[in-house]
$ cat coords_5.cif   # mmCIF, C-alpha atoms
data_structure
loop_
_atom_site.group_PDB
_atom_site.id
_atom_site.type_symbol
_atom_site.label_atom_id
_atom_site.label_comp_id
_atom_site.auth_asym_id
_atom_site.auth_seq_id
_atom_site.Cartn_x
_atom_site.Cartn_y
_atom_site.Cartn_z
ATOM 1 C CA MET A 1 78.385 136.687 174.955
ATOM 2 C CA SER A 2 77.509 135.784 171.375
ATOM 3 C CA SER A 3 80.030 136.322 168.604
ATOM 4 C CA PHE A 4 77.612 138.829 167.039
ATOM 5 C CA LEU A 5 77.516 141.010 170.148
ATOM 6 C CA LYS A 6 81.280 140.721 170.517
ATOM 7 C CA LYS A 7 81.674 141.904 166.936
ATOM 8 C CA ILE A 8 79.439 144.890 167.666
ATOM 9 C CA PHE A 9 81.262 145.968 170.819
ATOM 10 C CA THR A 10 84.655 145.662 169.163
ATOM 11 C CA GLN A 11 83.473 148.660 167.114
ATOM 12 C CA CYS A 12 83.996 150.788 170.244
ATOM 13 C CA ALA A 13 87.681 151.140 169.494
ATOM 14 C CA HIS A 14 87.490 151.975 165.793
ATOM 15 C CA PRO A 15 83.982 152.321 164.314
ATOM 16 C CA LYS A 16 83.812 151.212 160.699
ATOM 17 C CA GLY A 17 81.038 150.830 158.161
ATOM 18 C CA ARG A 18 77.339 150.427 158.891
ATOM 19 C CA MET A 19 77.940 148.656 162.195
ATOM 20 C CA GLY A 20 80.342 151.396 163.213
ATOM 21 C CA ARG A 21 77.725 154.050 162.515
ATOM 22 C CA LEU A 22 75.264 152.175 164.738
ATOM 23 C CA MET A 23 77.880 152.016 167.486
ATOM 24 C CA LEU A 24 78.455 155.773 167.257
ATOM 25 C CA LYS A 25 74.740 156.395 167.841
ATOM 26 C CA PHE A 26 74.829 153.983 170.768
ATOM 27 C CA MET A 27 77.892 155.649 172.303
ATOM 28 C CA ASN A 28 76.485 159.167 171.850
ATOM 29 C CA LEU A 29 73.457 158.061 173.856
ATOM 30 C CA THR A 30 75.055 155.926 176.552
ATOM 31 C CA HIS A 31 78.038 158.199 177.255
ATOM 32 C CA ALA A 32 75.828 161.232 177.900
ATOM 33 C CA PRO A 33 75.266 160.715 181.663
ATOM 34 C CA LEU A 34 78.992 160.222 182.349
ATOM 35 C CA THR A 35 79.954 163.154 180.144
ATOM 36 C CA ASN A 36 77.429 165.572 181.622
ATOM 37 C CA TRP A 37 78.453 164.633 185.158
ATOM 38 C CA GLY A 38 82.160 164.931 184.345
ATOM 39 C CA LEU A 39 81.818 168.288 182.626
ATOM 40 C CA GLY A 40 79.855 169.511 185.618
ATOM 41 C CA LEU A 41 83.000 169.120 187.719
ATOM 42 C CA ILE A 42 84.879 171.667 185.599
ATOM 43 C CA GLU A 43 84.827 175.403 186.256
ATOM 44 C CA PHE A 44 84.438 176.548 182.676
ATOM 45 C CA GLN A 45 85.364 179.999 181.459
ATOM 46 C CA ASP A 46 84.207 181.800 178.334
ATOM 47 C CA GLY A 47 86.377 181.805 175.253
ATOM 48 C CA TRP A 48 88.222 178.565 175.936
ATOM 49 C CA THR A 49 90.000 176.585 173.251
ATOM 50 C CA MET A 50 89.139 172.936 173.901
ATOM 51 C CA LEU A 51 89.993 169.506 172.518
ATOM 52 C CA ASP A 52 88.085 166.239 172.762
ATOM 53 C CA ILE A 53 90.287 163.242 171.968
ATOM 54 C CA GLY A 54 88.385 160.275 170.585
ATOM 55 C CA CYS A 55 85.483 162.575 169.762
ATOM 56 C CA GLY A 56 83.277 159.807 168.329
ATOM 57 C CA GLY A 57 80.014 161.216 167.021
ATOM 58 C CA GLY A 58 80.819 164.730 168.214
ATOM 59 C CA LYS A 59 78.229 165.227 170.950
ATOM 60 C CA THR A 60 80.866 166.134 173.532
ATOM 61 C CA LEU A 61 81.998 168.966 171.262
ATOM 62 C CA GLN A 62 78.471 170.388 171.439
ATOM 63 C CA ARG A 63 78.449 170.089 175.223
ATOM 64 C CA LEU A 64 81.804 171.854 175.501
ATOM 65 C CA LEU A 65 80.609 174.830 173.459
ATOM 66 C CA LYS A 66 77.484 175.164 175.595
ATOM 67 C CA ARG A 67 79.679 175.561 178.665
ATOM 68 C CA SER A 68 82.212 178.008 177.251
ATOM 69 C CA LYS A 69 80.523 180.961 175.565
ATOM 70 C CA GLY A 70 82.505 182.048 172.544
ATOM 71 C CA GLY A 71 84.738 179.014 172.869
ATOM 72 C CA VAL A 72 86.248 176.841 170.159
ATOM 73 C CA ALA A 73 86.174 173.037 170.214
ATOM 74 C CA TYR A 74 88.487 170.692 168.360
ATOM 75 C CA GLY A 75 87.831 166.996 167.917
ATOM 76 C CA ILE A 76 90.134 164.219 166.818
ATOM 77 C CA ASP A 77 89.411 160.542 166.205
ATOM 78 C CA ILE A 78 91.138 157.590 164.583
ATOM 79 C CA SER A 79 87.943 156.507 162.794
ATOM 80 C CA ASP A 80 86.775 157.909 159.460
ATOM 81 C CA GLU A 81 83.192 157.125 160.474
ATOM 82 C CA SER A 82 83.606 159.080 163.701
ATOM 83 C CA VAL A 83 85.104 162.083 161.955
ATOM 84 C CA ALA A 84 82.280 162.126 159.396
ATOM 85 C CA LYS A 85 79.592 161.823 162.070
ATOM 86 C CA ALA A 86 81.154 164.480 164.296
ATOM 87 C CA ARG A 87 81.293 166.861 161.353
ATOM 88 C CA GLU A 88 77.682 166.099 160.480
ATOM 89 C CA ASN A 89 76.490 166.634 164.048
ATOM 90 C CA ASN A 90 78.277 169.999 164.209
ATOM 91 C CA ALA A 91 77.628 171.139 160.651
ATOM 92 C CA ASP A 92 76.185 174.498 161.687
ATOM 93 C CA VAL A 93 79.431 175.612 163.338
ATOM 94 C CA LEU A 94 81.924 173.414 161.476
ATOM 95 C CA ASP A 95 85.200 175.170 160.631
ATOM 96 C CA LYS A 96 83.953 178.171 162.629
ATOM 97 C CA GLN A 97 83.744 177.018 166.236
ATOM 98 C CA VAL A 98 84.219 173.287 165.716
ATOM 99 C CA PHE A 99 87.177 171.695 163.951
ATOM 100 C CA VAL A 100 87.299 167.919 163.484
ATOM 101 C CA GLN A 101 90.052 165.815 161.985
ATOM 102 C CA LYS A 102 91.336 162.289 161.810
ATOM 103 C CA GLY A 103 94.304 161.474 164.012
ATOM 104 C CA THR A 104 95.560 159.639 167.069
ATOM 105 C CA ALA A 105 96.149 160.416 170.714
ATOM 106 C CA GLU A 106 99.705 159.221 170.229
ATOM 107 C CA GLN A 107 100.548 161.963 167.714
ATOM 108 C CA LEU A 108 98.415 165.003 168.432
ATOM 109 C CA PRO A 109 98.787 167.426 165.494
ATOM 110 C CA TYR A 110 98.433 170.593 167.547
ATOM 111 C CA ASP A 111 100.766 173.356 168.645
ATOM 112 C CA GLU A 112 102.308 173.374 172.087
ATOM 113 C CA GLY A 113 100.254 175.274 174.644
ATOM 114 C CA MET A 114 97.160 175.477 172.433
ATOM 115 C CA PHE A 115 94.329 174.302 174.704
ATOM 116 C CA ASP A 116 92.662 175.407 177.917
ATOM 117 C CA LEU A 117 90.945 172.032 178.281
ATOM 118 C CA VAL A 118 91.435 168.534 176.891
ATOM 119 C CA THR A 119 88.802 165.865 177.481
ATOM 120 C CA ALA A 120 88.891 162.111 176.936
ATOM 121 C CA VAL A 121 85.556 160.313 177.332
ATOM 122 C CA GLU A 122 85.626 156.520 177.415
ATOM 123 C CA THR A 123 88.659 156.378 175.142
ATOM 124 C CA VAL A 124 91.910 155.997 177.117
ATOM 125 C CA TYR A 125 91.344 152.215 177.101
ATOM 126 C CA PHE A 126 92.462 152.211 173.482
ATOM 127 C CA TRP A 127 95.398 154.627 173.530
ATOM 128 C CA PRO A 128 98.708 152.966 172.642
ATOM 129 C CA ASN A 129 101.735 153.917 174.727
ATOM 130 C CA LEU A 130 99.446 155.622 177.233
ATOM 131 C CA PRO A 131 102.199 157.409 179.215
ATOM 132 C CA ASP A 132 103.488 159.032 176.021
ATOM 133 C CA CYS A 133 99.952 159.997 174.989
ATOM 134 C CA ILE A 134 99.400 161.740 178.312
ATOM 135 C CA LYS A 135 102.691 163.593 177.937
ATOM 136 C CA GLY A 136 101.463 164.718 174.518
ATOM 137 C CA VAL A 137 98.291 166.086 176.097
ATOM 138 C CA HIS A 138 100.404 167.929 178.662
ATOM 139 C CA ARG A 139 102.438 169.501 175.848
ATOM 140 C CA ALA A 140 99.309 170.648 174.001
ATOM 141 C CA LEU A 141 97.800 172.357 177.058
ATOM 142 C CA LYS A 142 98.354 175.951 178.034
ATOM 143 C CA PRO A 143 99.919 176.569 181.443
ATOM 144 C CA GLY A 144 96.981 176.267 183.815
ATOM 145 C CA GLY A 145 95.111 174.073 181.326
ATOM 146 C CA ARG A 146 93.147 171.033 182.445
ATOM 147 C CA PHE A 147 93.103 167.416 181.312
ATOM 148 C CA VAL A 148 89.913 165.540 182.214
ATOM 149 C CA VAL A 149 89.584 161.771 181.735
ATOM 150 C CA MET A 150 86.124 160.203 182.055
ATOM 151 C CA VAL A 151 85.690 156.437 182.388
ATOM 152 C CA GLU A 152 83.040 153.987 183.509
ATOM 153 C CA VAL A 153 85.064 150.778 183.340
ATOM 154 C CA VAL A 154 87.408 150.985 186.323
ATOM 155 C CA ASP A 155 88.067 147.345 187.258
ATOM 156 C CA GLU A 156 91.233 145.729 185.909
ATOM 157 C CA ASP A 157 89.435 142.373 185.865
ATOM 158 C CA SER A 158 86.497 143.703 183.867
ATOM 159 C CA LYS A 159 84.805 141.297 181.464
ATOM 160 C CA TRP A 160 84.986 144.002 178.807
ATOM 161 C CA THR A 161 88.652 143.249 178.142
ATOM 162 C CA LYS A 162 87.504 139.831 176.885
ATOM 163 C CA VAL A 163 84.786 141.364 174.731
ATOM 164 C CA VAL A 164 86.439 144.399 173.160
ATOM 165 C CA GLU A 165 89.639 143.699 171.283
ATOM 166 C CA GLY A 166 92.567 145.913 172.248
ATOM 167 C CA MET A 167 90.912 147.287 175.382
ATOM 168 C CA ASN A 168 93.081 147.962 178.435
ATOM 169 C CA ILE A 169 91.575 148.948 181.758
ATOM 170 C CA TYR A 170 93.257 151.370 184.150
ATOM 171 C CA THR A 171 92.016 152.004 187.651
ATOM 172 C CA PRO A 172 91.459 155.655 188.609
ATOM 173 C CA GLU A 173 94.488 155.369 190.889
ATOM 174 C CA GLN A 174 96.641 154.158 187.994
ATOM 175 C CA MET A 175 95.414 156.993 185.788
ATOM 176 C CA LYS A 176 96.162 159.524 188.502
ATOM 177 C CA ARG A 177 99.740 158.217 188.795
ATOM 178 C CA LEU A 178 100.170 158.489 185.032
ATOM 179 C CA LEU A 179 99.020 162.116 185.135
ATOM 180 C CA ASP A 180 101.371 162.796 188.036
ATOM 181 C CA ASP A 181 104.266 161.204 186.140
ATOM 182 C CA ALA A 182 103.517 163.320 183.059
ATOM 183 C CA GLY A 183 103.884 166.522 185.079
ATOM 184 C CA PHE A 184 100.293 167.310 185.970
ATOM 185 C CA GLY A 185 99.517 168.867 189.329
ATOM 186 C CA GLN A 186 96.389 169.172 191.440
ATOM 187 C CA THR A 187 95.401 165.702 190.232
ATOM 188 C CA GLN A 188 92.070 164.499 191.561
ATOM 189 C CA ILE A 189 89.807 161.468 191.370
ATOM 190 C CA HIS A 190 86.039 161.891 191.464
ATOM 191 C CA ARG A 191 83.683 158.916 191.700
ATOM 192 C CA LYS A 192 79.995 158.441 191.205
ATOM 193 C CA LYS A 193 78.108 155.209 191.732
ATOM 194 C CA PRO A 194 77.877 152.681 190.327
ATOM 195 C CA MET A 195 81.222 152.990 188.520
ATOM 196 C CA TYR A 196 81.738 156.418 186.967
ATOM 197 C CA ALA A 197 85.115 158.023 187.550
ATOM 198 C CA VAL A 198 86.753 161.270 186.490
ATOM 199 C CA ILE A 199 90.485 161.813 186.784
ATOM 200 C CA MET A 200 91.709 165.347 186.213
ATOM 201 C CA GLY A 201 94.935 167.264 186.390
ATOM 202 C CA VAL A 202 96.235 170.779 185.776
ATOM 203 C CA LYS A 203 99.344 171.857 183.903
ATOM 204 C CA ALA A 204 101.362 174.123 186.199
ATOM 205 C CA LYS A 205 101.287 177.787 185.219
ATOM 206 C CA ASP A 206 105.069 177.984 185.247
ATOM 207 C CA GLN A 207 105.363 175.150 182.711
ATOM 208 C CA GLY A 208 105.666 175.956 179.048
#

$ encode --input "coords_5.cif" --output "structure tokens"
Amino acid sequence: MSSFLKKIFTQCAHPKGRMGRLMLKFMNLTHAPLTNWGLGLIEFQDGWTMLDIGCGGGKTLQRLLKRSKGGVAYGIDISDESVAKARENNADVLDKQVFVQKGTAEQLPYDEGMFDLVTAVETVYFWPNLPDCIKGVHRALKPGGRFVVMVEVVDEDSKWTKVVEGMNIYTPEQMKRLLDDAGFGQTQIHRKKPMYAVIMGVKAKDQG
């Protein structure tokens, strides 16, 4: 792969500047099939409070609100470009039904037991201290709340680790074990060819 293409794809982790804005448009487009399939596996209810970690350009926030009438969607991303784009794409409901801020998966700035659903689309590859991040998600969920991870790179030997700086690949089985270890129950793996995978878990109702 050329150094130019490598430079472009490295923007996946932390979009910056003009090239980062182009990458956000690309990701909003290419992540749509995975996201729509993954969200289709969830039994949504009206009025949910939801969080998308690594919200990128904010399209997943729109999709969440379409599935939970009267719901509220929060988005968080490490990139200033992502935060700005997500706010722009949700301007009509910003600070009403959609709330977007800069932050990291490692230090989620939300109250304990705040969310009915937390999603992570094509982003866990870049989370530092992944086990601790998942425990943080567990803390932020309400009892009975769901954590849904969506990925399309599922091979530990993937060429993408050589292309995208700081990218770590976890197999669906590894992700499931991490959710189990963090206290999630009813953990499941769903697959769709050629390589889509969704890993989901539920916070027990007797856990605060």

$ closest_residue --input "coords_5.cif" --among "A:Lys135, A:Glu152, A:Lys66, A:Asp180" --to "Thr30 of chain A" --atoms "only C-alpha atoms"
A:Glu152

$ resolve_selection --input "coords_5.cif" --expression "the PyMOL selection byres ((chain A and resi 118-131) around 7)" --output "list of chain:residue names"
A:Ala13, A:Thr35, A:Met50, A:Leu51, A:Asp52, A:Ile53, A:Gly54, A:Ala105, A:Glu106, A:Phe115, A:Leu117, A:Asp132, A:Cys133, A:Ile134, A:Lys135, A:Arg146, A:Phe147, A:Val148, A:Val149, A:Met150, A:Val151, A:Gly166, A:Met167, A:Asn168, A:Ile169, A:Leu178

$ atom_distance --input "coords_5.cif" --atom1 "atom CA of Thr60 of chain A" --atom2 "atom CA of Lys176 of chain A"
22.4 Å

$ atom_distance --input "coords_5.cif" --atom1 "atom CA of Val100 of chain A" --atom2 "atom CA of Gly75 of chain A"
4.6 Å

$ closest_residue --input "coords_5.cif" --among "A:Asp116, A:Glu173, A:Glu43, A:Glu88" --to "Val198 of chain A" --atoms "only C-alpha atoms"
A:Glu173
